file start.txt (compact mmCIF, N, CA and C atoms and all ligand atoms)
# COMPACT_ATOMS: atom_id res chain seq x y z
N MET A 1 -13.92 40.82 -67.04
CA MET A 1 -14.74 41.09 -65.86
C MET A 1 -14.13 40.49 -64.60
N ASN A 2 -14.32 41.19 -63.52
CA ASN A 2 -13.76 40.76 -62.24
C ASN A 2 -14.77 39.92 -61.48
N LYS A 3 -14.60 38.63 -61.55
CA LYS A 3 -15.58 37.74 -60.92
C LYS A 3 -15.22 37.49 -59.46
N MET A 4 -16.21 37.73 -58.60
CA MET A 4 -15.96 37.58 -57.18
C MET A 4 -15.92 36.11 -56.78
N LYS A 5 -14.99 35.79 -55.90
CA LYS A 5 -14.92 34.42 -55.41
C LYS A 5 -16.12 34.14 -54.51
N ASP A 6 -16.57 32.87 -54.52
CA ASP A 6 -17.75 32.51 -53.74
C ASP A 6 -17.63 32.82 -52.25
N THR A 7 -16.44 32.58 -51.70
CA THR A 7 -16.27 32.81 -50.27
C THR A 7 -16.38 34.31 -49.95
N ASP A 8 -15.87 35.13 -50.85
CA ASP A 8 -16.00 36.58 -50.67
C ASP A 8 -17.47 36.97 -50.70
N GLU A 9 -18.18 36.34 -51.62
CA GLU A 9 -19.59 36.67 -51.79
C GLU A 9 -20.39 36.28 -50.54
N ILE A 10 -20.09 35.09 -50.00
CA ILE A 10 -20.79 34.64 -48.79
C ILE A 10 -20.51 35.61 -47.64
N GLU A 11 -19.25 36.00 -47.52
CA GLU A 11 -18.88 36.95 -46.46
C GLU A 11 -19.62 38.27 -46.62
N LYS A 12 -19.76 38.70 -47.87
CA LYS A 12 -20.46 39.94 -48.14
C LYS A 12 -21.94 39.83 -47.75
N MET A 13 -22.55 38.68 -48.06
CA MET A 13 -23.96 38.46 -47.71
C MET A 13 -24.13 38.47 -46.20
N ARG A 14 -23.15 37.85 -45.49
CA ARG A 14 -23.20 37.84 -44.03
C ARG A 14 -23.23 39.26 -43.49
N GLU A 15 -22.37 40.10 -44.06
CA GLU A 15 -22.32 41.49 -43.62
C GLU A 15 -23.64 42.21 -43.87
N ILE A 16 -24.22 41.96 -45.05
CA ILE A 16 -25.49 42.59 -45.40
C ILE A 16 -26.58 42.16 -44.42
N LEU A 17 -26.61 40.87 -44.11
CA LEU A 17 -27.63 40.35 -43.18
C LEU A 17 -27.41 40.93 -41.78
N ARG A 18 -26.16 40.96 -41.37
CA ARG A 18 -25.83 41.49 -40.05
C ARG A 18 -26.27 42.95 -39.95
N ALA A 19 -25.96 43.70 -40.99
CA ALA A 19 -26.31 45.13 -40.99
C ALA A 19 -27.82 45.33 -40.93
N ALA A 20 -28.57 44.35 -41.45
CA ALA A 20 -30.02 44.46 -41.45
C ALA A 20 -30.61 43.87 -40.16
N GLY A 21 -29.74 43.38 -39.29
CA GLY A 21 -30.20 42.82 -38.02
C GLY A 21 -30.76 41.42 -38.14
N LEU A 22 -30.39 40.71 -39.22
CA LEU A 22 -30.87 39.35 -39.40
C LEU A 22 -29.73 38.37 -39.13
N ARG A 23 -30.10 37.21 -38.60
CA ARG A 23 -29.13 36.16 -38.40
C ARG A 23 -28.75 35.62 -39.78
N SER A 24 -27.46 35.38 -40.01
CA SER A 24 -27.12 34.82 -41.33
C SER A 24 -27.22 33.31 -41.29
N THR A 25 -28.19 32.80 -42.01
CA THR A 25 -28.40 31.36 -42.12
C THR A 25 -28.05 30.96 -43.55
N PRO A 26 -27.71 29.68 -43.74
CA PRO A 26 -27.38 29.23 -45.10
C PRO A 26 -28.51 29.52 -46.09
N ALA A 27 -29.76 29.39 -45.64
CA ALA A 27 -30.89 29.63 -46.55
C ALA A 27 -30.93 31.09 -46.99
N ARG A 28 -30.79 32.00 -46.04
CA ARG A 28 -30.82 33.43 -46.39
C ARG A 28 -29.69 33.80 -47.32
N ILE A 29 -28.50 33.28 -47.01
CA ILE A 29 -27.34 33.58 -47.86
C ILE A 29 -27.57 33.05 -49.27
N SER A 30 -28.12 31.83 -49.37
CA SER A 30 -28.35 31.24 -50.69
C SER A 30 -29.41 32.00 -51.47
N VAL A 31 -30.47 32.44 -50.78
CA VAL A 31 -31.51 33.21 -51.46
C VAL A 31 -30.91 34.51 -52.00
N LEU A 32 -30.13 35.19 -51.16
CA LEU A 32 -29.53 36.47 -51.59
C LEU A 32 -28.59 36.27 -52.78
N ILE A 33 -27.74 35.25 -52.69
CA ILE A 33 -26.78 35.02 -53.76
C ILE A 33 -27.51 34.66 -55.06
N THR A 34 -28.55 33.84 -54.95
CA THR A 34 -29.31 33.46 -56.15
C THR A 34 -29.97 34.67 -56.78
N LEU A 35 -30.53 35.54 -55.94
CA LEU A 35 -31.18 36.74 -56.48
C LEU A 35 -30.16 37.70 -57.09
N ARG A 36 -28.97 37.77 -56.49
CA ARG A 36 -27.95 38.67 -57.05
C ARG A 36 -27.47 38.18 -58.40
N LYS A 37 -27.46 36.85 -58.58
CA LYS A 37 -26.99 36.30 -59.85
C LYS A 37 -28.07 36.38 -60.92
N ALA A 38 -29.32 36.48 -60.49
CA ALA A 38 -30.43 36.46 -61.44
C ALA A 38 -30.45 37.73 -62.28
N SER A 39 -30.78 37.55 -63.54
CA SER A 39 -30.82 38.72 -64.42
C SER A 39 -32.19 39.36 -64.43
N LYS A 40 -33.17 38.70 -63.80
CA LYS A 40 -34.51 39.29 -63.73
C LYS A 40 -35.17 38.89 -62.42
N PRO A 41 -36.23 39.59 -62.03
CA PRO A 41 -36.93 39.23 -60.80
C PRO A 41 -37.39 37.78 -60.83
N GLN A 42 -37.28 37.11 -59.71
CA GLN A 42 -37.55 35.68 -59.63
C GLN A 42 -38.83 35.39 -58.84
N THR A 43 -39.60 34.41 -59.29
CA THR A 43 -40.76 33.98 -58.53
C THR A 43 -40.31 32.96 -57.48
N HIS A 44 -41.20 32.70 -56.52
CA HIS A 44 -40.90 31.69 -55.51
C HIS A 44 -40.63 30.35 -56.19
N ALA A 45 -41.40 30.02 -57.23
CA ALA A 45 -41.21 28.75 -57.94
C ALA A 45 -39.84 28.69 -58.61
N GLU A 46 -39.43 29.80 -59.24
CA GLU A 46 -38.13 29.81 -59.92
C GLU A 46 -36.98 29.66 -58.92
N LEU A 47 -37.14 30.34 -57.77
CA LEU A 47 -36.10 30.23 -56.74
C LEU A 47 -36.06 28.82 -56.16
N SER A 48 -37.24 28.23 -55.97
CA SER A 48 -37.29 26.88 -55.44
C SER A 48 -36.61 25.90 -56.40
N ASP A 49 -36.82 26.10 -57.71
CA ASP A 49 -36.17 25.24 -58.70
C ASP A 49 -34.66 25.24 -58.53
N LYS A 50 -34.11 26.39 -58.11
CA LYS A 50 -32.65 26.49 -57.96
C LYS A 50 -32.20 26.03 -56.58
N LEU A 51 -33.06 26.26 -55.55
CA LEU A 51 -32.59 26.03 -54.18
C LEU A 51 -32.98 24.67 -53.60
N VAL A 52 -34.07 24.08 -54.08
CA VAL A 52 -34.46 22.76 -53.59
C VAL A 52 -33.37 21.71 -53.88
N PRO A 53 -32.79 21.72 -55.12
CA PRO A 53 -31.75 20.73 -55.41
C PRO A 53 -30.52 20.85 -54.50
N ILE A 54 -30.29 22.03 -53.90
CA ILE A 54 -29.12 22.12 -53.02
C ILE A 54 -29.52 22.01 -51.55
N GLY A 55 -30.75 21.56 -51.29
CA GLY A 55 -31.09 21.15 -49.93
C GLY A 55 -32.05 22.02 -49.14
N PHE A 56 -32.69 23.01 -49.78
CA PHE A 56 -33.66 23.81 -49.04
C PHE A 56 -35.05 23.46 -49.54
N ASP A 57 -36.02 23.31 -48.61
CA ASP A 57 -37.35 23.00 -49.11
C ASP A 57 -38.10 24.29 -49.43
N LYS A 58 -39.21 24.12 -50.16
CA LYS A 58 -39.96 25.28 -50.66
C LYS A 58 -40.45 26.20 -49.55
N ALA A 59 -40.87 25.59 -48.43
CA ALA A 59 -41.39 26.40 -47.32
C ALA A 59 -40.27 27.27 -46.73
N THR A 60 -39.06 26.70 -46.66
CA THR A 60 -37.90 27.45 -46.15
C THR A 60 -37.60 28.63 -47.07
N VAL A 61 -37.62 28.35 -48.37
CA VAL A 61 -37.37 29.42 -49.34
C VAL A 61 -38.40 30.52 -49.16
N PHE A 62 -39.67 30.13 -49.04
CA PHE A 62 -40.74 31.11 -48.90
C PHE A 62 -40.60 31.95 -47.64
N ARG A 63 -40.32 31.27 -46.53
CA ARG A 63 -40.18 31.97 -45.25
C ARG A 63 -39.03 32.98 -45.32
N ASN A 64 -37.94 32.57 -45.94
CA ASN A 64 -36.79 33.46 -46.01
C ASN A 64 -37.01 34.62 -46.97
N LEU A 65 -37.80 34.38 -48.01
CA LEU A 65 -38.15 35.48 -48.90
C LEU A 65 -38.94 36.53 -48.12
N SER A 66 -39.85 36.06 -47.26
CA SER A 66 -40.64 36.99 -46.45
C SER A 66 -39.75 37.77 -45.49
N ASP A 67 -38.84 37.06 -44.81
CA ASP A 67 -37.93 37.72 -43.86
C ASP A 67 -37.09 38.78 -44.56
N LEU A 68 -36.56 38.42 -45.72
CA LEU A 68 -35.68 39.35 -46.44
C LEU A 68 -36.47 40.53 -47.00
N THR A 69 -37.73 40.28 -47.36
CA THR A 69 -38.58 41.38 -47.83
C THR A 69 -38.87 42.33 -46.67
N ASP A 70 -39.23 41.75 -45.50
CA ASP A 70 -39.51 42.57 -44.31
C ASP A 70 -38.30 43.41 -43.92
N ALA A 71 -37.12 42.84 -44.09
CA ALA A 71 -35.89 43.56 -43.73
C ALA A 71 -35.46 44.52 -44.84
N GLU A 72 -36.25 44.59 -45.92
CA GLU A 72 -36.00 45.49 -47.04
C GLU A 72 -34.69 45.22 -47.76
N LEU A 73 -34.23 43.96 -47.70
CA LEU A 73 -33.04 43.60 -48.45
C LEU A 73 -33.41 43.20 -49.87
N ILE A 74 -34.65 42.72 -50.02
CA ILE A 74 -35.15 42.40 -51.35
C ILE A 74 -36.50 43.07 -51.52
N SER A 75 -36.91 43.22 -52.75
CA SER A 75 -38.22 43.82 -52.95
C SER A 75 -39.12 42.83 -53.67
N ARG A 76 -40.42 43.01 -53.45
CA ARG A 76 -41.40 42.09 -53.97
C ARG A 76 -42.31 42.89 -54.89
N THR A 77 -42.45 42.45 -56.11
CA THR A 77 -43.34 43.18 -57.02
C THR A 77 -44.30 42.21 -57.67
N GLU A 78 -45.43 42.76 -58.03
CA GLU A 78 -46.45 41.97 -58.71
C GLU A 78 -46.69 42.70 -60.01
N LEU A 79 -46.50 41.99 -61.11
CA LEU A 79 -46.50 42.66 -62.41
C LEU A 79 -47.84 42.56 -63.11
N GLY A 80 -48.89 42.25 -62.38
CA GLY A 80 -50.20 42.21 -63.00
C GLY A 80 -50.67 40.79 -63.28
N ASP A 81 -49.83 39.80 -62.96
CA ASP A 81 -50.26 38.42 -63.20
C ASP A 81 -50.49 37.66 -61.89
N HIS A 82 -50.58 38.44 -60.80
CA HIS A 82 -50.85 37.86 -59.48
C HIS A 82 -49.78 36.89 -59.01
N VAL A 83 -48.57 37.06 -59.51
CA VAL A 83 -47.44 36.26 -59.04
C VAL A 83 -46.41 37.21 -58.46
N TRP A 84 -45.99 36.94 -57.22
CA TRP A 84 -44.96 37.79 -56.63
C TRP A 84 -43.61 37.47 -57.24
N ARG A 85 -42.86 38.51 -57.55
CA ARG A 85 -41.49 38.31 -58.01
C ARG A 85 -40.56 39.07 -57.07
N PHE A 86 -39.42 38.46 -56.82
CA PHE A 86 -38.48 39.02 -55.85
C PHE A 86 -37.20 39.44 -56.53
N GLU A 87 -36.64 40.55 -56.09
CA GLU A 87 -35.34 40.97 -56.60
C GLU A 87 -34.57 41.69 -55.51
N ILE A 88 -33.26 41.73 -55.70
CA ILE A 88 -32.39 42.42 -54.76
C ILE A 88 -32.73 43.90 -54.76
N ARG A 89 -32.85 44.48 -53.59
CA ARG A 89 -33.05 45.92 -53.52
C ARG A 89 -31.71 46.61 -53.52
N ASP A 90 -31.54 47.48 -54.44
CA ASP A 90 -30.28 48.19 -54.53
C ASP A 90 -30.47 49.60 -53.99
N PRO A 91 -29.91 49.88 -52.80
CA PRO A 91 -30.14 51.20 -52.20
C PRO A 91 -29.57 52.32 -53.07
N SER A 92 -28.57 52.00 -53.89
CA SER A 92 -27.97 53.04 -54.72
C SER A 92 -28.79 53.23 -56.00
N HIS A 93 -29.76 52.36 -56.19
CA HIS A 93 -30.59 52.46 -57.39
C HIS A 93 -31.98 52.92 -56.99
N ASP A 94 -32.21 54.20 -57.12
CA ASP A 94 -33.47 54.80 -56.70
C ASP A 94 -34.54 54.55 -57.76
N ARG A 95 -35.51 53.75 -57.39
CA ARG A 95 -36.53 53.37 -58.37
C ARG A 95 -37.48 54.50 -58.72
N SER A 96 -37.37 55.62 -58.01
CA SER A 96 -38.23 56.74 -58.35
C SER A 96 -37.50 57.74 -59.25
N SER A 97 -36.22 57.44 -59.54
CA SER A 97 -35.45 58.41 -60.33
C SER A 97 -35.68 58.27 -61.83
N HIS A 98 -36.13 57.10 -62.26
CA HIS A 98 -36.48 56.92 -63.68
C HIS A 98 -37.50 55.79 -63.78
N PRO A 99 -38.28 55.78 -64.87
CA PRO A 99 -39.27 54.71 -65.02
C PRO A 99 -38.59 53.37 -65.32
N HIS A 100 -39.26 52.29 -64.98
CA HIS A 100 -38.79 50.95 -65.31
C HIS A 100 -39.78 50.26 -66.23
N PHE A 101 -39.23 49.65 -67.27
CA PHE A 101 -40.07 48.85 -68.16
C PHE A 101 -40.03 47.42 -67.64
N VAL A 102 -41.18 46.81 -67.56
CA VAL A 102 -41.20 45.43 -67.14
C VAL A 102 -42.02 44.61 -68.13
N CYS A 103 -41.46 43.47 -68.53
CA CYS A 103 -42.17 42.58 -69.44
C CYS A 103 -43.14 41.73 -68.61
N VAL A 104 -44.42 41.80 -68.95
CA VAL A 104 -45.43 41.08 -68.16
C VAL A 104 -45.37 39.57 -68.39
N GLU A 105 -44.60 39.15 -69.41
CA GLU A 105 -44.51 37.72 -69.66
C GLU A 105 -43.34 37.08 -68.93
N CYS A 106 -42.15 37.68 -69.03
CA CYS A 106 -40.98 37.03 -68.44
C CYS A 106 -40.41 37.80 -67.25
N GLY A 107 -40.91 39.01 -67.00
CA GLY A 107 -40.45 39.74 -65.83
C GLY A 107 -39.16 40.51 -66.04
N THR A 108 -38.64 40.54 -67.27
CA THR A 108 -37.45 41.32 -67.55
C THR A 108 -37.69 42.79 -67.21
N VAL A 109 -36.74 43.38 -66.50
CA VAL A 109 -36.88 44.78 -66.12
C VAL A 109 -35.77 45.57 -66.80
N ALA A 110 -36.10 46.72 -67.35
CA ALA A 110 -35.10 47.58 -67.96
C ALA A 110 -35.27 49.00 -67.44
N CYS A 111 -34.12 49.66 -67.16
CA CYS A 111 -34.15 51.05 -66.71
C CYS A 111 -34.44 51.94 -67.92
N MET A 112 -35.41 52.82 -67.78
CA MET A 112 -35.70 53.75 -68.88
C MET A 112 -35.15 55.11 -68.50
N ASN A 113 -33.89 55.30 -68.88
CA ASN A 113 -33.25 56.57 -68.55
C ASN A 113 -33.59 57.63 -69.58
N GLY A 114 -33.41 58.87 -69.21
CA GLY A 114 -33.60 59.95 -70.16
C GLY A 114 -35.05 60.33 -70.40
N ILE A 115 -35.93 59.85 -69.54
CA ILE A 115 -37.33 60.22 -69.67
C ILE A 115 -37.66 61.23 -68.58
N GLU A 116 -38.30 62.31 -68.98
CA GLU A 116 -38.56 63.36 -68.01
C GLU A 116 -39.69 62.99 -67.06
N LEU A 117 -39.44 63.18 -65.79
CA LEU A 117 -40.45 62.87 -64.77
C LEU A 117 -41.21 64.13 -64.41
N PRO A 118 -42.42 63.98 -63.87
CA PRO A 118 -43.20 65.16 -63.48
C PRO A 118 -42.40 66.05 -62.53
N ASP A 119 -42.37 67.37 -62.80
CA ASP A 119 -41.66 68.26 -61.89
C ASP A 119 -42.57 68.61 -60.70
N GLU A 120 -41.99 69.36 -59.78
CA GLU A 120 -42.71 69.68 -58.54
C GLU A 120 -44.07 70.33 -58.81
N LYS A 121 -44.07 71.21 -59.84
CA LYS A 121 -45.29 71.94 -60.15
C LYS A 121 -46.39 70.96 -60.61
N MET A 122 -45.98 70.04 -61.48
CA MET A 122 -46.95 69.09 -61.99
C MET A 122 -47.44 68.17 -60.88
N LYS A 123 -46.49 67.72 -60.04
CA LYS A 123 -46.87 66.85 -58.92
C LYS A 123 -47.91 67.54 -58.06
N LYS A 124 -47.66 68.82 -57.79
CA LYS A 124 -48.57 69.58 -56.95
C LYS A 124 -49.97 69.64 -57.57
N SER A 125 -49.99 69.91 -58.87
CA SER A 125 -51.29 70.05 -59.53
C SER A 125 -52.03 68.71 -59.59
N LEU A 126 -51.27 67.61 -59.52
CA LEU A 126 -51.90 66.29 -59.56
C LEU A 126 -52.15 65.73 -58.16
N ASN A 127 -51.82 66.55 -57.15
CA ASN A 127 -52.02 66.13 -55.77
C ASN A 127 -51.13 64.95 -55.39
N ILE A 128 -49.91 64.91 -55.97
CA ILE A 128 -48.96 63.83 -55.67
C ILE A 128 -47.96 64.33 -54.64
N SER A 129 -47.81 63.59 -53.56
CA SER A 129 -46.83 63.98 -52.55
C SER A 129 -45.46 63.42 -52.91
N ARG A 130 -45.44 62.14 -53.24
CA ARG A 130 -44.15 61.50 -53.51
C ARG A 130 -44.38 60.35 -54.49
N ILE A 131 -43.48 60.23 -55.46
CA ILE A 131 -43.56 59.11 -56.40
C ILE A 131 -42.60 58.04 -55.92
N SER A 132 -43.09 56.82 -55.72
CA SER A 132 -42.21 55.76 -55.23
C SER A 132 -41.67 54.92 -56.37
N GLU A 133 -42.41 54.79 -57.43
CA GLU A 133 -41.94 53.98 -58.55
C GLU A 133 -42.80 54.26 -59.77
N ILE A 134 -42.16 54.28 -60.94
CA ILE A 134 -42.91 54.43 -62.19
C ILE A 134 -42.67 53.17 -63.01
N LEU A 135 -43.74 52.45 -63.25
CA LEU A 135 -43.64 51.17 -63.91
C LEU A 135 -44.33 51.23 -65.26
N VAL A 136 -43.60 50.83 -66.30
CA VAL A 136 -44.17 50.77 -67.63
C VAL A 136 -44.27 49.29 -67.99
N LYS A 137 -45.46 48.81 -68.26
CA LYS A 137 -45.63 47.39 -68.54
C LYS A 137 -45.76 47.13 -70.03
N GLY A 138 -45.28 45.99 -70.45
CA GLY A 138 -45.40 45.63 -71.86
C GLY A 138 -44.82 44.26 -72.12
N HIS A 139 -44.42 44.04 -73.36
CA HIS A 139 -43.85 42.75 -73.75
C HIS A 139 -42.47 43.00 -74.32
N CYS A 140 -41.49 42.19 -73.90
CA CYS A 140 -40.14 42.40 -74.40
C CYS A 140 -40.00 41.77 -75.79
N MET A 141 -38.90 42.09 -76.45
CA MET A 141 -38.64 41.60 -77.81
C MET A 141 -38.54 40.08 -77.86
N THR A 142 -38.05 39.49 -76.75
CA THR A 142 -37.90 38.04 -76.74
C THR A 142 -39.26 37.36 -76.68
N CYS A 143 -40.14 37.90 -75.84
CA CYS A 143 -41.46 37.30 -75.67
C CYS A 143 -42.38 37.61 -76.85
N GLU A 144 -42.18 38.77 -77.43
CA GLU A 144 -43.06 39.16 -78.53
C GLU A 144 -42.23 39.88 -79.59
N PRO A 145 -41.58 39.11 -80.47
CA PRO A 145 -40.73 39.74 -81.48
C PRO A 145 -41.53 40.72 -82.34
N VAL A 146 -40.87 41.83 -82.65
CA VAL A 146 -41.53 42.84 -83.47
C VAL A 146 -41.67 42.29 -84.90
N PRO A 147 -42.88 42.28 -85.44
CA PRO A 147 -43.06 41.74 -86.80
C PRO A 147 -42.38 42.63 -87.84
N ARG A 148 -41.74 42.00 -88.81
CA ARG A 148 -41.06 42.76 -89.87
C ARG A 148 -41.75 42.54 -91.20
ZN ZN B 201 -40.35 39.04 -71.95
ZN ZN B 202 -33.40 51.57 -63.04
call {"tool": "encode", "arguments": {"input": "start.txt", "output": "structure tokens", "more": "lines below"}}
Ligand SMILES: [Zn+2]
Ligand SMILES: [Zn+2]
result
Amino acid sequence: MNKMKDTDEIEKMREILRAAGLRSTPARISVLITLRKASKPQTHAELSDKLVPIGFDKATVFRNLSDLTDAELISRTELGDHVWRFEIRDPSHDRSSHPHFVCVECGTVACMNGIELPDEKMKKSLNISRISEILVKGHCMTCEPVPR
């Protein structure tokens, strides 16, 4: 695997922030890098656990999560447990193109490809103008092993 050097990554984050019209601050860059490295959506508490030890306080983390959400660089989802989780928004990854499975316990998200979505005719009959996201909730194998 081709691992990107940290300085390249910081420069890339700067570009992303600039393109979104945000000032690049160390906190914003750190939040973005942490979310990019994360394998699943992160809560404010989980991000604070990673960012407080390197010098950002919880309020700073929270404020920057809001700024980045407003700028649509990250997305905020609530999986039914009243806790916001944040993840990098990938413009090339259209969340309406296939359903996503999300584990309500750990927040693991998996793309469910190969599932047929409602066609135009069905959407019309259901009075749906546009589908923004299809979320399938459940428990992952790690959180709830299948009994054998
Ligand atoms: Zn899980
Ligand atoms: Zn997906």
call {"tool": "closest_residue", "arguments": {"input": "start.txt", "among": "A:Gly21, A:Gly138, A:Pro118, A:Gly80", "to": "A:Phe101", "atoms": "only N, CA and C atoms"}}
result
A:Gly138
call {"tool": "closest_residue", "arguments": {"input": "start.txt", "among": "A:Arg18, A:His139, A:Arg28, A:Arg89", "to": "ligand ZN 201 (chain B)", "atoms": "only C-alpha atoms and all ligand atoms"}}
result
A:His139
call {"tool": "residues_near_ligand", "arguments": {"input": "start.txt", "ligand": "ligand ZN 202 (chain B)", "cutoff": "7 Å", "atoms": "all atoms listed in the file", "output": "ChimeraX atom specification"}}
result
/A:93-95,98-100,110-113
call {"tool": "closest_atom_pairs", "arguments": {"input": "start.txt", "of": "chain A", "to": "ligand ZN 201 (chain B)", "cutoff": "7 Å", "atoms": "all atoms listed in the file", "output": "tab-separated table"}}
result
residue	atom	partner	partner_atom	distance
A:Val102	C	B:ZN201	ZN	7.0
A:Cys103	CA	B:ZN201	ZN	4.7
A:Val104	N	B:ZN201	ZN	5.8
A:Glu105	C	B:ZN201	ZN	4.7
A:Cys106	N	B:ZN201	ZN	3.7
A:Gly107	N	B:ZN201	ZN	5.0
A:Thr108	N	B:ZN201	ZN	5.2
A:Gly138	C	B:ZN201	ZN	6.9
A:His139	C	B:ZN201	ZN	5.1
A:Cys140	N	B:ZN201	ZN	3.9
A:Met141	N	B:ZN201	ZN	5.6
A:Thr142	C	B:ZN201	ZN	5.1
A:Cys143	N	B:ZN201	ZN	4.1
A:Glu144	N	B:ZN201	ZN	5.8
call {"tool": "atom_distance", "arguments": {"input": "start.txt", "atom1": "atom CA of A:Ser75", "atom2": "atom N of A:Glu87"}}
result
4.8 Å
call {"tool": "closest_residue", "arguments": {"input": "start.txt", "among": "A:Ile16, A:Ile131, A:Glu9, A:Val52", "to": "A:Ile33", "atoms": "only N, CA and C atoms"}}
result
A:Glu9
call {"tool": "select_by_dssp", "arguments": {"input": "start.txt", "residues": "stretch 16-132 of chain A", "states": "strand (DSSP E or B)", "output": "VMD selection string"}}
result
chain A and resid 42 to 43 74 to 78 84 to 88 100 to 103 109 to 111
call {"tool": "closest_residue", "arguments": {"input": "start.txt", "among": "A:Arg23, A:Lys37, A:His44, A:Arg130", "to": "A:Phe86", "atoms": "all atoms listed in the file"}}
result
A:His44
call {"tool": "atom_distance", "arguments": {"input": "start.txt", "atom1": "atom CA of A:Ala59", "atom2": "atom C of A:Pro91"}}
result
29.1 Å
call {"tool": "residues_around", "arguments": {"input": "start.txt", "residues": "A:Thr60", "least_positions_apart": "4", "cutoff": "8 Å", "atoms": "only N, CA and C atoms", "output": "ChimeraX atom specification"}}
result
/A:27-28,56,64-66
call {"tool": "atom_distance", "arguments": {"input": "start.txt", "atom1": "atom CA of A:Ala71", "atom2": "atom CA of A:Ser129"}}
result
24.8 Å
